[in-house]
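Student: Let me give you the structure first, and then I'll get to my questions.
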Amino acid sequence: MAPKKEDEGYDVASISSGSSPRVEFYDPSKETVWTRVGLSLESFKRAPGTTGGIVISGSNVDTEKLRADNPMLQQTMKPRHLTMIAVGGSIGTGLFVGSGSALHAGGPAGVIIAWILMGIMLINVTQALGEMCILFPVSGGFYTLASRFLDPSFAFAMGWNYYLQWAVVLPLEITVAGTTVQYWNTSVPLAAWITIFWMVIVIFSVFGTLGYAEEEFWSSCLKLLVIVMFIFIGVVCVCGGGPKSGEYSHYIGGKFWSDPGPFANGFKGVCAVFVTAAFAFSGTELIGLAASETPNPRKTMPGAVKGTFWRITVIYVLSLTVIGLLVPYNEPRLLGGTSAAASPFVIALKNAGIKGLDRV
């Protein structure tokens, strides 16, 4: 008897295998447009069943049973979404604005040491998280894994701590976004910008996982473009290739590492920077949450996890090294600022005398 061909379409309503009970799979394509964009009452109801959309690997396994145990998700994320979430998901306030206070507190060497040590820790964390998410692509991410491998009480505490973290970070990010826009135009009140950004987030959330994934993909591309552009401009300025009207029209090299020096407050300053470095890396864990949202975590997760290394080395270490060469830690504009004007990236570009780039 010829072996039964495995179903690869994953768009069927049900599958039966021999004498096994019939397993019903949910078909999202039958939803109305209003339901899919979150504008009907059906949008807020629990899905009637799993879509069975995660690819099952291995031989001599009960494929139907494993597909029936899939998370109650639709697996709409594509590999490009997961890759960009891993690479650019944590780039934001901590790097662009928070690095200014870190530079003032720890000096250029203190900033690099803190970010490298935190980066090494995060590489190990993401590697372990990636392995578990590939083996167990469950809904709920790492706190579901904590319940399975450690204890439900630990997972309960972790889940609420994670919720409280984002309940604090999200308003902070929106507020910083509003103050950043005020760097360009102060005529509009800050509350108006906060309201606008809040509504934008709500609109993207209405479109569910795919809306979040697309927004994260394009915003990460934009952030990476800005970072890479700054690194190239920074290297040119360090070598003395800046405009004659700016401060980098001559070679400066490691001038600010000699005067005022590499460390602002010695060992205490380095320790103080760790808090900012940890905050800057928040968002790295999102790949663990997104694993069950992809059809084939075994294929997409390894590349996304390996992207953590490149994010740490290229984005953080290189950009902060360039910042340390261009801006001294005793720069007055770094003191106590939370707006774009206190960002070392903005300060470096203003000192370079390159018109318009400080507003990018």
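Lettering and numbering for the structure tokens are positional, with chains as A, B, ... in the shown order, residues counted from 1 in each chain, and ligands counted from 1 in the shown order.
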At most 12 Å is the cut-off: for each residue in range 192-263 of chain A with any atom that close to an atom of range 275-297 of chain A, write down the nearest atom pair and the distance in Å rounded to one decimal, counting only C-alpha atoms, chain first then increasing number, as CSV.

Tutor:
residue,atom,partner,partner_atom,distance
A:Gly208,CA,A:Glu293,CA,11.2
A:Thr209,CA,A:Glu293,CA,7.9
A:Leu210,CA,A:Glu293,CA,9.5
A:Tyr212,CA,A:Ala290,CA,10.8
A:Ala213,CA,A:Ala290,CA,9.4
A:Glu216,CA,A:Leu286,CA,11.1

Student: Sort by chain and increasing residue number a table of all residues of range 194-259 of chain A within 12 Å of range 166-172 of chain A, each with its closest pair of atoms and their distance in Å to one decimal, counting only C-alpha atoms, and write it as a Markdown table.

Tutor:
| residue | atom | partner | partner_atom | distance |
| --- | --- | --- | --- | --- |
| A:Ile194 | CA | A:Pro171 | CA | 8.7 |
| A:Thr195 | CA | A:Pro171 | CA | 10.8 |
| A:Phe197 | CA | A:Pro171 | CA | 10.2 |
| A:Trp198 | CA | A:Pro171 | CA | 8.8 |
| A:Ile201 | CA | A:Leu170 | CA | 10.1 |

Student: Do you know which residues are at most 12 Å from range 110-115 of chain A counting only C-alpha atoms, after dropping those on the same chain fewer than 4 positions away, and could you put them as a PyMOL selection string?

Tutor: chain A and resi 94-95+98-106+119-123+257+261-281+311-313+315-325+329

Student: Here is a test: counting only C-alpha atoms, which residue of A:Gln127, A:Ala191, A:Leu224, A:Met132 is nearest to Thr179 in chain A?

Tutor: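 Among the listed residues, A:Ala191 lies closest to Thr179 in chain A.
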
Student: To one decimal place in Å, what is the distance between CA of Val228 in chain A and CA of His81 in chain A?

Tutor: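 Atom-to-atom, CA of Val228 in chain A to CA of His81 in chain A, that is 19.9 Å.
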
Student: Could you check the closest approach to Thr175 in chain A for each of A:Ser205, A:Asn124, A:Thr93, A:Ser147 and tell me which residue wins, using only C-alpha atoms?

Tutor: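 Selected residue with least distance to Thr175 in chain A: A:Thr93.
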
Student: Hey, which of A:Glu173, A:Asp151, A:Glu247, A:Glu131 ends up closest to Ser90 in chain A? Count only C-alpha atoms.

Tutor: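 Closest residue, counting only C-alpha atoms: A:Glu173.
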
Student: If DSSP is run on the backbone, what residues of range 96-304 of chain A are alpha helix (DSSP H)? A reply as JSON, numbers by chain would be ideal.

Tutor: {"A": [96, 98, 99, 100, 101, 102, 103, 104, 105, 106, 107, 108, 109, 110, 111, 112, 113, 114, 115, 116, 117, 118, 119, 120, 121, 122, 123, 124, 125, 126, 127, 128, 129, 130, 131, 132, 133, 134, 135, 142, 143, 144, 145, 146, 147, 148, 149, 152, 153, 154, 155, 156, 157, 158, 159, 160, 161, 162, 163, 164, 165, 166, 167, 168, 169, 170, 171, 172, 173, 174, 175, 176, 177, 178, 179, 180, 181, 182, 190, 191, 192, 193, 194, 195, 196, 197, 198, 199, 200, 201, 202, 203, 204, 205, 206, 208, 209, 210, 211, 212, 213, 214, 215, 216, 217, 218, 219, 220, 221, 222, 223, 224, 225, 226, 227, 228, 229, 230, 231, 232, 233, 234, 235, 236, 237, 238, 255, 256, 257, 258, 266, 267, 268, 269, 270, 271, 272, 273, 274, 275, 276, 277, 278, 279, 280, 286, 287, 288, 289, 290, 297, 298, 299, 300, 301, 302, 303, 304]}

Student: In Å, with one decimal, what is the gap from CA of Cys133 in chain A to CA of Trp218 in chain A?

Tutor: 24.6 Å

Student: Might you pull out every residue within 8 Å of Tyr248 in chain A, with only C-alpha atoms counted and same-chain residues fewer than 4 positions away left off, and present them as a list in words?

Tutor: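 In the requested form, the answer reads Cys237, Val238, Gly240, Gly241, Gly242, Pro243, Lys244, Ile252, Asn351 and Ala352 of chain A.
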